[in-house]
Amino acid sequence: MNEEFDEQLRRALRPVDPGEAFTARVLARISPEPRNLRVRWRRAAWIPAALAASALLAVVGLHEWQQRQKEAGLAARTQVLEALRVTSQKLDLAYRLINTSSRPASDRDSGA
Amino acid sequence: MPKIEPREPDELLAAARAGESDGFAALVRLHQARVFSIALRMLMDRALAEDLAQEVFLQLHHSIRSLDSHQHLVSWLRQVTTRRAIDRLRRERRTETLSLDESPGLDESLGLAASERDADPLLRQHLQSLIGKLAPMPRAILLLRYQEDLDPLDIAQTLAVPVNTVKSHLKRSLAALRMQLSAGAPLDESGEA
Amino acid sequence: MGKLVGTLLVVSLVSLPVFAAAPPLGQLALPSLESLEPQAKDSVSISLDASLLAVAARFLDSGQPEDRAVKEIIAGLQGVYVRSFTFDHAFVYPANAIDSLRKQLHTACWQSIMSVRKGNEDSTVDIFICQLQQKARGLAIIAVEPRELTIVNIVGAIDLDKLHRLEGHFGIPRLPEAK
């Protein structure tokens, strides 16, 4: 009875993966891209304040877009690596199955 | 059936300590479910849990050179995550509770995907809801016992509390959960029915 | 004249969907395996077409030998698709879905290059390549293990030697030493 309840608790508390997007966000925070964006401001008196504010918003928007692009790129990179890992793992499985099939039974039994 | 394992965790740690970003990324992927799940079940809020989990990994990145084995890293992650979560709960004095009527929506509120639900979703949701009503310390102890499969001594070391405190909390929490499941009695903050 | 133009227009409109929608050679229509999601402990679903592979390539550092190696591997690819499910217990094998996939692998350019079955481990791995005019156009793997089902479809010419050289990095398993 106790064991059953313990098992129910373990199943209820099975770890939940937050997904690849989470990984990408962590990695993006750890290695921020160098700021390549340089903005020169000309503080000419004749530029209306509204225009300056719009330009600022565009810069912020662009930076956010770049951040999103970076996150998407990192996520895609992660997925490529995962896909290659899975592919290699299954190729190795095939190799292993063939290898253990081709070894003589006496070798397999003795653990050689 | 033996499974082909990916790169050994100690190799990943060595690579991360040497500054290899892919080693660190692999460690994040290896442990993000653990860290996120502890945070999620402590804070009962997906956005806060993701935030806390990210902070833990950032801290790991800063501290990685001080960790000398993968086992040490795992202990460190458990310790940092649970202690941060407990501190957060105590700071905010989160007393939000979920009534049984709300519990069918728990998966949606925590943002769980269909693949994360098992064959008995109602029982699982109910248990998670009840665990979420425990006070921070007994909740953390239960998570370390049943999510992380630690024994009371390890739990005591992780949380820096006496082992008898751990055993006592476990006994009371489990009794209260069992009673709550069978009788539907409400749970108070100490974990007693 | 008007009738001829009208006819040509109709013909071109009818033809359009055929040219617009045809997937590249070597790409399979992967089955929907949603029925496995509730049973699965973990699942991996990766769909990277040519544009996403290009995005990923931009974030691979050519200055790092391992990243460079991955970049070389994916340079010749038009798509990478993976569906993988891991279970706590024996799972209900989606026979219809896998059969429909196997039917595609018995048509056009596809040929089986390896088919391994290990009865006492309940594991099977089938590997297919799509080849046209002496060039590899795709790779497909169907791996069924007691608690895991994996389908891989790689579109384009993947260099397995280069993949082999990546072992030990990025979590890619090392091939056990041949004894």
# chains A, B, ... in the order shown; residues from 1 in each chain; ligands from 1

call {"tool": "interface_residues", "arguments": {"of": "chain A", "to": "chain C", "cutoff": "7 Å", "atoms": "only C-alpha atoms", "output": "PyMOL selection string"}}
result
chain A and resi 73-74+76-77+79+81+83+85+87-90+92+94+97-98

call {"tool": "interface_residues", "arguments": {"of": "chain A", "to": "chain B", "cutoff": "9 Å", "atoms": "only C-alpha atoms", "output": "ChimeraX atom specification"}}
result
/A:5-20,22-27,29-31,78,85,89-90,92-93

call {"tool": "residues_around", "arguments": {"residues": "Arg91 (chain B)", "least_positions_apart": "5", "cutoff": "12 Å", "atoms": "only C-alpha atoms", "output": "VMD selection string"}}
result
chain B and resid 43 84 to 86 136

call {"tool": "write_last_selection", "arguments": {"atoms": "C-alpha atoms", "output": "tab-separated table (two decimals), in the first residue's frame"}}
result
chain	number	residue	atom	x	y	z
B	43	LEU	CA	6.60	28.10	-6.95
B	84	ARG	CA	16.29	29.85	-3.88
B	85	ALA	CA	12.71	28.65	-4.21
B	86	ILE	CA	12.23	28.46	-0.44
B	136	PRO	CA	7.95	25.57	1.72

call {"tool": "residues_around", "arguments": {"residues": "Arg147 (chain C)", "least_positions_apart": "5", "cutoff": "6 Å", "atoms": "only C-alpha atoms", "output": "number ranges by chain"}}
result
C: 86-87, 90

call {"tool": "write_last_selection", "arguments": {"atoms": "C-alpha atoms", "output": "PDB file, in the first residue's frame"}}
result
ATOM      1  CA  THR C  86      10.795   7.285 -24.998  1.00  0.00           C
ATOM      2  CA  PHE C  87       8.501   5.344 -22.698  1.00  0.00           C
ATOM      3  CA  ALA C  90       6.252  -1.163 -23.267  1.00  0.00           C
TER       4      ALA C  90
END

call {"tool": "residues_around", "arguments": {"residues": "Gln104 (chain C)", "least_positions_apart": "3", "cutoff": "10 Å", "atoms": "only C-alpha atoms", "output": "list of chain:residue names"}}
result
C:Gln27, C:Leu28, C:Ala29, C:Leu30, C:Asp99, C:Ser100, C:Leu101, C:Thr107, C:Ala108, C:Cys109, C:Trp110

call {"tool": "select_by_dssp", "arguments": {"residues": "region 4-182 of chain B", "states": "alpha helix (DSSP H)", "output": "PyMOL selection string"}}
result
chain B and resi 9-17+21-43+46-63+70-92+106-109+121-131+136-146+152-159+163-182

call {"tool": "closest_residue", "arguments": {"among": "B:Ile155, B:Ala15, B:Ser173, B:Pro138", "to": "chain C", "atoms": "only C-alpha atoms"}}
result
B:Ala15

call {"tool": "atom_distance", "arguments": {"atom1": "CA of Gln131 (chain C)", "atom2": "CA of Glu82 (chain A)"}}
result
25.1 Å

call {"tool": "closest_residue", "arguments": {"among": "C:Ser32, C:Gln78, C:Gln39, C:Ser112", "to": "chain B", "atoms": "only C-alpha atoms"}}
result
C:Gln39

call {"tool": "residues_around", "arguments": {"residues": "Asp10 (chain B)", "least_positions_apart": "6", "cutoff": "12 Å", "atoms": "only C-alpha atoms", "output": "PyMOL selection string"}}
result
(chain B and resi 16-17+23-24+26-27+30+67-74) or (chain C and resi 171)
